[in-house]
Number of protein chains: 2
Amino acid sequence: MSAPFFASRWVPRPGHVAEQPGGLAAGFRAAGVACGLKRDGALDLGVLVADPPETTSAARFTRSGVAAAPVELCRARCDLAHLRVVVANSGNANAATGVPGLEAAGATQLAAARATGADPAGVGIASTGVIGVQLPVDRVLDGLAAAQEQLRPDGDGDFAEAIRTTDAFAKRASLRVTLPSGEVQLSAQAKGAGMISPNFATMLCFVQTDAALDPETADLLLGVTVKRSFDRISVDGQLSTNDTAILMASGASGIRVAPESPDELALGEALDALLRQLALLIVRDGEGARRIGRVVVEGGDADEAERAARAVANSPLVKTALHGGDPNWGRVAQAVGGALLDRPLPLDVAIEGIQVCADGAQLRYDEAALAAAVEREEVEYVVRLPGDGAQTEVFFSDLSHEYVSINADYTS
Amino acid sequence: MSAPFFASRWVPRPGHVAEQPGGLAAGFRAAGVACGLKRDGALDLGVLVADPPETTSAARFTRSGVAAAPVELCRARCDLAHLRVVVANSGNANAATGVPGLEAAGATQLAAARATGADPAGVGIASTGVIGVQLPVDRVLDGLAAAQEQLRPDGDGDFAEAIRTTDAFAKRASLRVTLPSGEVQLSAQAKGAGMISPNFATMLCFVQTDAALDPETADLLLGVTVKRSFDRISVDGQLSTNDTAILMASGASGIRVAPESPDELALGEALDALLRQLALLIVRDGEGARRIGRVVVEGGDADEAERAARAVANSPLVKTALHGGDPNWGRVAQAVGGALLDRPLPLDVAIEGIQVCADGAQLRYDEAALAAAVEREEVEYVVRLPGDGAQTEVFFSDLSHEYVSINADYTS
């Protein structure tokens, strides 16, 4: 029996959700092959196919001003409500590659459409890896042909492997979800460990369900749950050029989830937990990470709370203290003060329920208890600003020697 | 003969400025003592006194919402145009210390005024060190008495030592400046290695001149030169609670620098070079730093250029690549794209004069030449945005294992 997927106290498993060892939702097949983009011969090309032609979908992408070619292609040439195929490669981001990069993404899309019988507009493309190097598209096309032969309902493991870059472990889940109208499946594969960022954003994430969803319902569910998951994490505050999240609904279960129905609510809860736990896995796998922090900011207005939470989550001083198991709460105060300027800020700070600062000034507290609390794998910081109304959270990784090692020598 | 102070190609020594081995500008005395704030017995309390009662001054402070007690005290209870004494301690920031912290700063101010015969409003206080721990004010008062006995015109070395925290080396300069009306001196002492940040901000810096300046002239000169120096550097993007820069003008040279005179221009040029080089020393001494980066952003509007430059300078991905001597220019593009959202951004990127990206797409370039260029101690990145008008620069340090080591275990 492997470790449970819902491992964090911050994301309890909903009562109507059961974990399964693996496998895609009904109606989907996937494969992962090695096509030579990664030098070490590891899997680097994943293909995901929804067989039912009535499959619906929704997608979200990075907001970066330097969006990668596959993101541009998806936006310009896909019917995002009716994606049936996803081709995702690792080892090359196909970003800052200009017209040749767009041509490479386009050639991949056409070849995948031909191989699977899908309409080209139904083929989404995603890439991750080094920026500013042309994609060797011949290798991708050869890999596509090989992957086509290997598509299978339990191909999610290989697919998840094939989209890894610096990830220390593959991230995926297979869930059985009991809706009022019956049982459906949710499966998901994600990658991301660095360049994980503030705005929407992160990594690649592909989610499949065999529920039948209107495209509008798929879009609503994905939009809301992405905002509460991948949009709330930061490894290094760096918005990627390639972030992509795609939800596909095959309808193969025969269960139709109607808008504003109890089914939609129950499926939304399951999807919310799924994406939040996947987001936490990405933080946990933050390059070199040892611990996860959660900062909750209460009070102030929404904009202030957001800026304060991001400032704490992205502060290298807070992150190194988290790494060192150091109860240096002054850095939390400093980070908030650095984000909210030109006014006195009588803030309260609590770490793991131990209040250390009230009205901007230190309190006496149990130092031994605090020292023990910050040595745990998950550490929670609560900051109260003057005023009320707002509340927000951001999950973040620590900053370690390994992050530096991984990133000081990544291209070459 | 020691290494020259003006060591960077980015800050040429002005022709009318000569370096001197040490010593304060005429009219000033300083001392540094160990009063027990630092556990290792190192110097931790510096006192600086201007003897002429006609001394003028100007000051700038952090904009942090969590400003330290000494900063609050200076703002509330000092005549910033007529400071004659500075008391600066390291080993404790006296920040997030509430009313007791303000009382400690106030007691220090009063004791220093009594010891030196200055008006209390003429005594500025500055602190640096750990946040959220009460300042042991008795030690400071004992140290003040000891320092009073040791004030001397060449006390700038001890003073600079006494304000160090994680600094690997003391930062100071003594310059002879030839103005049209005659010769004056400039001396300065600065500290800072971490928590060096975007907004104004950084560290402690004390500058002395024996020129005679109106308070308005001192304020203008300090304001302009701080904007071009300490405001343009980042070690870790973290605005400190304690940043303080104070310029004092004793008038002891008998040379009066009139507003809008050639003298003012020449003194301003010298002060500009002095503060820019001190700022670069702080970046060079960025905790664990091996290399200095300079990012220049041209084009766009002023706000976009500023955001893009900050994003590059504070990107942990750019900073680790700089550390590794890795020519991974895609991270520069990614950082700019992460700061300027929701529009396509056909940017140009050049590193050390080698253009690697035009119109958002990679170019062919001499890889060996680029690899050699990024191995040097100073690396320059030039980013061109669409449109013109704006230009800005930020100097930044790399991100190293040593930064993590230094900061993962600093409080305890």
# chains A, B, ... in the order shown; residues from 1 in each chain; ligands from 1

call {"tool": "interface_residues", "arguments": {"of": "chain B", "to": "chain A", "cutoff": "7 Å", "atoms": "only C-alpha atoms", "output": "VMD selection string"}}
result
chain B and resid 63 to 66 96 to 98 131 to 132 236 238 to 241 315 to 317 320 to 321 323 to 324 326 328 330 333 to 335 337 to 338 340 to 345 360 to 362 400 to 401 404 407 to 409 411

call {"tool": "select_by_dssp", "arguments": {"residues": "segment 207-319 of chain A", "states": "strand (DSSP E)", "output": "PyMOL selection string"}}
result
chain A and resi 207-209+212-213+233-234+244-249+256-257+292-298

call {"tool": "write_last_selection", "arguments": {"atoms": "N, CA and C atoms", "output": "PDB file, in the first residue's frame"}}
result
ATOM      1  N   VAL A 207      -5.993  17.062 -16.485  1.00  0.00           N
ATOM      2  CA  VAL A 207      -7.006  16.408 -15.652  1.00  0.00           C
ATOM      3  C   VAL A 207      -8.035  15.764 -16.567  1.00  0.00           C
ATOM      4  N   GLN A 208      -8.398  14.540 -16.246  1.00  0.00           N
ATOM      5  CA  GLN A 208      -9.394  13.820 -17.042  1.00  0.00           C
ATOM      6  C   GLN A 208     -10.546  13.378 -16.140  1.00  0.00           C
ATOM      7  N   THR A 209     -11.739  13.476 -16.675  1.00  0.00           N
ATOM      8  CA  THR A 209     -12.872  12.866 -15.978  1.00  0.00           C
ATOM      9  C   THR A 209     -13.751  12.167 -16.998  1.00  0.00           C
ATOM     10  N   ALA A 212     -19.750  13.639 -17.917  1.00  0.00           N
ATOM     11  CA  ALA A 212     -20.090  14.452 -19.091  1.00  0.00           C
ATOM     12  C   ALA A 212     -20.330  15.882 -18.619  1.00  0.00           C
ATOM     13  N   LEU A 213     -19.594  16.808 -19.196  1.00  0.00           N
ATOM     14  CA  LEU A 213     -19.696  18.216 -18.789  1.00  0.00           C
ATOM     15  C   LEU A 213     -19.938  19.085 -20.011  1.00  0.00           C
ATOM     16  N   ILE A 233       0.376  28.992  -5.107  1.00  0.00           N
ATOM     17  CA  ILE A 233       1.651  28.407  -4.715  1.00  0.00           C
ATOM     18  C   ILE A 233       2.807  29.178  -5.313  1.00  0.00           C
ATOM     19  N   SER A 234       3.942  29.091  -4.640  1.00  0.00           N
ATOM     20  CA  SER A 234       5.156  29.696  -5.174  1.00  0.00           C
ATOM     21  C   SER A 234       6.352  28.887  -4.728  1.00  0.00           C
ATOM     22  N   THR A 244       0.382  25.550 -18.334  1.00  0.00           N
ATOM     23  CA  THR A 244      -0.797  25.070 -19.038  1.00  0.00           C
ATOM     24  C   THR A 244      -1.568  24.117 -18.126  1.00  0.00           C
ATOM     25  N   ALA A 245      -2.854  24.314 -18.021  1.00  0.00           N
ATOM     26  CA  ALA A 245      -3.714  23.365 -17.304  1.00  0.00           C
ATOM     27  C   ALA A 245      -4.895  23.030 -18.215  1.00  0.00           C
ATOM     28  N   ILE A 246      -5.126  21.763 -18.434  1.00  0.00           N
ATOM     29  CA  ILE A 246      -6.207  21.340 -19.337  1.00  0.00           C
ATOM     30  C   ILE A 246      -7.074  20.295 -18.633  1.00  0.00           C
ATOM     31  N   LEU A 247      -8.357  20.546 -18.608  1.00  0.00           N
ATOM     32  CA  LEU A 247      -9.344  19.587 -18.094  1.00  0.00           C
ATOM     33  C   LEU A 247     -10.107  19.015 -19.274  1.00  0.00           C
ATOM     34  N   MET A 248     -10.217  17.694 -19.335  1.00  0.00           N
ATOM     35  CA  MET A 248     -10.977  17.049 -20.407  1.00  0.00           C
ATOM     36  C   MET A 248     -12.022  16.123 -19.790  1.00  0.00           C
ATOM     37  N   ALA A 249     -13.210  16.151 -20.344  1.00  0.00           N
ATOM     38  CA  ALA A 249     -14.320  15.343 -19.821  1.00  0.00           C
ATOM     39  C   ALA A 249     -14.846  14.445 -20.939  1.00  0.00           C
ATOM     40  N   ARG A 256     -24.080  12.701 -16.499  1.00  0.00           N
ATOM     41  CA  ARG A 256     -24.019  14.094 -16.935  1.00  0.00           C
ATOM     42  C   ARG A 256     -24.097  14.996 -15.707  1.00  0.00           C
ATOM     43  N   VAL A 257     -23.142  15.909 -15.604  1.00  0.00           N
ATOM     44  CA  VAL A 257     -23.109  16.843 -14.481  1.00  0.00           C
ATOM     45  C   VAL A 257     -23.695  18.164 -14.959  1.00  0.00           C
ATOM     46  N   ILE A 292       7.285  22.734   3.578  1.00  0.00           N
ATOM     47  CA  ILE A 292       6.283  23.579   2.943  1.00  0.00           C
ATOM     48  C   ILE A 292       5.806  24.612   3.948  1.00  0.00           C
ATOM     49  N   GLY A 293       5.709  25.857   3.521  1.00  0.00           N
ATOM     50  CA  GLY A 293       5.106  26.892   4.349  1.00  0.00           C
ATOM     51  C   GLY A 293       3.729  27.245   3.821  1.00  0.00           C
ATOM     52  N   ARG A 294       2.862  27.646   4.723  1.00  0.00           N
ATOM     53  CA  ARG A 294       1.571  28.221   4.331  1.00  0.00           C
ATOM     54  C   ARG A 294       1.442  29.550   5.052  1.00  0.00           C
ATOM     55  N   VAL A 295       1.290  30.616   4.296  1.00  0.00           N
ATOM     56  CA  VAL A 295       1.063  31.899   4.940  1.00  0.00           C
ATOM     57  C   VAL A 295      -0.392  32.294   4.718  1.00  0.00           C
ATOM     58  N   VAL A 296      -1.054  32.625   5.799  1.00  0.00           N
ATOM     59  CA  VAL A 296      -2.430  33.110   5.761  1.00  0.00           C
ATOM     60  C   VAL A 296      -2.390  34.571   6.192  1.00  0.00           C
ATOM     61  N   VAL A 297      -2.953  35.446   5.379  1.00  0.00           N
ATOM     62  CA  VAL A 297      -3.025  36.853   5.762  1.00  0.00           C
ATOM     63  C   VAL A 297      -4.481  37.240   5.923  1.00  0.00           C
ATOM     64  N   GLU A 298      -4.800  37.795   7.075  1.00  0.00           N
ATOM     65  CA  GLU A 298      -6.166  38.220   7.381  1.00  0.00           C
ATOM     66  C   GLU A 298      -6.160  39.719   7.635  1.00  0.00           C
TER      67      GLU A 298
END

call {"tool": "residues_around", "arguments": {"residues": "Leu222 of chain B", "least_positions_apart": "6", "cutoff": "8 Å", "atoms": "only C-alpha atoms", "output": "VMD selection string"}}
result
chain B and resid 58 to 60 247

call {"tool": "residues_around", "arguments": {"residues": "Arg232 of chain A", "least_positions_apart": "3", "cutoff": "7 Å", "atoms": "only C-alpha atoms", "output": "PDB file with N, CA and C atoms, in the first residue's frame"}}
result
ATOM      1  N   LYS A 227      -7.650  28.746  -9.537  1.00  0.00           N
ATOM      2  CA  LYS A 227      -7.444  29.934  -8.691  1.00  0.00           C
ATOM      3  C   LYS A 227      -7.140  29.553  -7.249  1.00  0.00           C
ATOM      4  N   ARG A 228      -7.704  28.457  -6.792  1.00  0.00           N
ATOM      5  CA  ARG A 228      -7.508  28.041  -5.397  1.00  0.00           C
ATOM      6  C   ARG A 228      -6.335  27.071  -5.223  1.00  0.00           C
ATOM      7  N   SER A 229      -5.671  26.725  -6.314  1.00  0.00           N
ATOM      8  CA  SER A 229      -4.601  25.733  -6.197  1.00  0.00           C
ATOM      9  C   SER A 229      -3.304  26.268  -6.795  1.00  0.00           C
ATOM     10  N   GLU A 393      -4.291  33.079   1.210  1.00  0.00           N
ATOM     11  CA  GLU A 393      -3.244  32.136   1.588  1.00  0.00           C
ATOM     12  C   GLU A 393      -2.313  31.919   0.414  1.00  0.00           C
ATOM     13  N   VAL A 394      -1.057  31.607   0.701  1.00  0.00           N
ATOM     14  CA  VAL A 394      -0.126  31.153  -0.330  1.00  0.00           C
ATOM     15  C   VAL A 394       0.714  30.033   0.284  1.00  0.00           C
ATOM     16  N   PHE A 395       0.891  28.977  -0.502  1.00  0.00           N
ATOM     17  CA  PHE A 395       1.763  27.875  -0.099  1.00  0.00           C
ATOM     18  C   PHE A 395       3.120  28.072  -0.754  1.00  0.00           C
TER      19      PHE A 395
END

call {"tool": "residues_around", "arguments": {"residues": "Asp214 of chain A", "least_positions_apart": "2", "cutoff": "8 Å", "atoms": "only C-alpha atoms", "output": "PDB file with C-alpha atoms, in the first residue's frame"}}
result
ATOM      1  CA  THR A  56     -15.386  18.568 -23.843  1.00  0.00           C
ATOM      2  CA  ALA A 212     -20.090  14.452 -19.091  1.00  0.00           C
ATOM      3  CA  GLU A 216     -19.061  26.012 -19.895  1.00  0.00           C
ATOM      4  CA  THR A 217     -19.186  23.804 -16.800  1.00  0.00           C
ATOM      5  CA  ALA A 218     -15.700  22.469 -17.513  1.00  0.00           C
ATOM      6  CA  ALA A 258     -25.608  19.637 -14.966  1.00  0.00           C
TER       7      ALA A 258
END

call {"tool": "closest_residue", "arguments": {"among": "B:Ser127, B:Thr178, B:Ser8, B:Ser261", "to": "Val379 of chain B", "atoms": "only C-alpha atoms"}}
result
B:Ser8

call {"tool": "atom_distance", "arguments": {"atom1": "atom CA of Leu265 of chain A", "atom2": "atom CA of Gly27 of chain A"}}
result
22.6 Å

call {"tool": "closest_residue", "arguments": {"among": "B:Ala7, B:Val87, B:Val224, B:Leu385", "to": "Arg307 of chain B", "atoms": "only C-alpha atoms"}}
result
B:Leu385

call {"tool": "atom_distance", "arguments": {"atom1": "atom CA of Ile163 of chain A", "atom2": "atom CA of Ala126 of chain A"}}
result
9.3 Å

call {"tool": "residues_around", "arguments": {"residues": "His16 of chain A", "least_positions_apart": "4", "cutoff": "9 Å", "atoms": "only C-alpha atoms", "output": "list in words"}}
result
Arg176, Val177, Thr178, Leu179, Ala266 and Ala270 of chain A

call {"tool": "residues_around", "arguments": {"residues": "Leu48 of chain B", "least_positions_apart": "4", "cutoff": "7 Å", "atoms": "only C-alpha atoms", "output": "MDAnalysis selection string"}}
result
chainID B and resid 29:31 85:87

call {"tool": "decode", "arguments": {"residues": "segment 99-116 of chain A", "atoms": "N, CA and C atoms", "output": "JSON list (two decimals), in the first residue's frame"}}
result
[["chain", "number", "residue", "atom", "x", "y", "z"],
["A", 99, "VAL", "N", 9.30, 32.35, -35.07],
["A", 99, "VAL", "CA", 8.50, 31.67, -36.10],
["A", 99, "VAL", "C", 8.85, 30.19, -36.21],
["A", 100, "PRO", "N", 10.13, 29.82, -36.19],
["A", 100, "PRO", "CA", 10.43, 28.38, -36.26],
["A", 100, "PRO", "C", 9.78, 27.60, -35.11],
["A", 101, "GLY", "N", 9.71, 28.21, -33.95],
["A", 101, "GLY", "CA", 9.08, 27.54, -32.80],
["A", 101, "GLY", "C", 7.59, 27.32, -33.03],
["A", 102, "LEU", "N", 6.93, 28.35, -33.58],
["A", 102, "LEU", "CA", 5.49, 28.19, -33.89],
["A", 102, "LEU", "C", 5.29, 27.12, -34.96],
["A", 103, "GLU", "N", 6.17, 27.09, -35.93],
["A", 103, "GLU", "CA", 6.06, 26.07, -36.98],
["A", 103, "GLU", "C", 6.25, 24.66, -36.40],
["A", 104, "ALA", "N", 7.18, 24.54, -35.46],
["A", 104, "ALA", "CA", 7.41, 23.23, -34.84],
["A", 104, "ALA", "C", 6.17, 22.78, -34.06],
["A", 105, "ALA", "N", 5.57, 23.72, -33.32],
["A", 105, "ALA", "CA", 4.36, 23.37, -32.57],
["A", 105, "ALA", "C", 3.22, 23.02, -33.53],
["A", 106, "GLY", "N", 3.12, 23.77, -34.63],
["A", 106, "GLY", "CA", 2.08, 23.50, -35.61],
["A", 106, "GLY", "C", 2.26, 22.15, -36.28],
["A", 107, "ALA", "N", 3.50, 21.81, -36.60],
["A", 107, "ALA", "CA", 3.76, 20.51, -37.23],
["A", 107, "ALA", "C", 3.40, 19.37, -36.28],
["A", 108, "THR", "N", 3.70, 19.57, -35.01],
["A", 108, "THR", "CA", 3.35, 18.56, -34.00],
["A", 108, "THR", "C", 1.84, 18.39, -33.92],
["A", 109, "GLN", "N", 1.14, 19.51, -33.92],
["A", 109, "GLN", "CA", -0.32, 19.46, -33.84],
["A", 109, "GLN", "C", -0.91, 18.70, -35.04],
["A", 110, "LEU", "N", -0.42, 19.01, -36.24],
["A", 110, "LEU", "CA", -0.96, 18.35, -37.44],
["A", 110, "LEU", "C", -0.66, 16.86, -37.43],
["A", 111, "ALA", "N", 0.55, 16.51, -37.06],
["A", 111, "ALA", "CA", 0.93, 15.09, -37.05],
["A", 111, "ALA", "C", 0.09, 14.32, -36.04],
["A", 112, "ALA", "N", -0.15, 14.92, -34.87],
["A", 112, "ALA", "CA", -0.95, 14.23, -33.85],
["A", 112, "ALA", "C", -2.39, 14.09, -34.30],
["A", 113, "ALA", "N", -2.89, 15.11, -35.01],
["A", 113, "ALA", "CA", -4.27, 15.02, -35.53],
["A", 113, "ALA", "C", -4.38, 13.88, -36.53],
["A", 114, "ARG", "N", -3.41, 13.80, -37.44],
["A", 114, "ARG", "CA", -3.43, 12.72, -38.43],
["A", 114, "ARG", "C", -3.38, 11.36, -37.76],
["A", 115, "ALA", "N", -2.49, 11.23, -36.77],
["A", 115, "ALA", "CA", -2.30, 9.92, -36.14],
["A", 115, "ALA", "C", -3.52, 9.48, -35.35],
["A", 116, "THR", "N", -4.25, 10.41, -34.77],
["A", 116, "THR", "CA", -5.35, 10.03, -33.88],
["A", 116, "THR", "C", -6.71, 10.20, -34.52]]
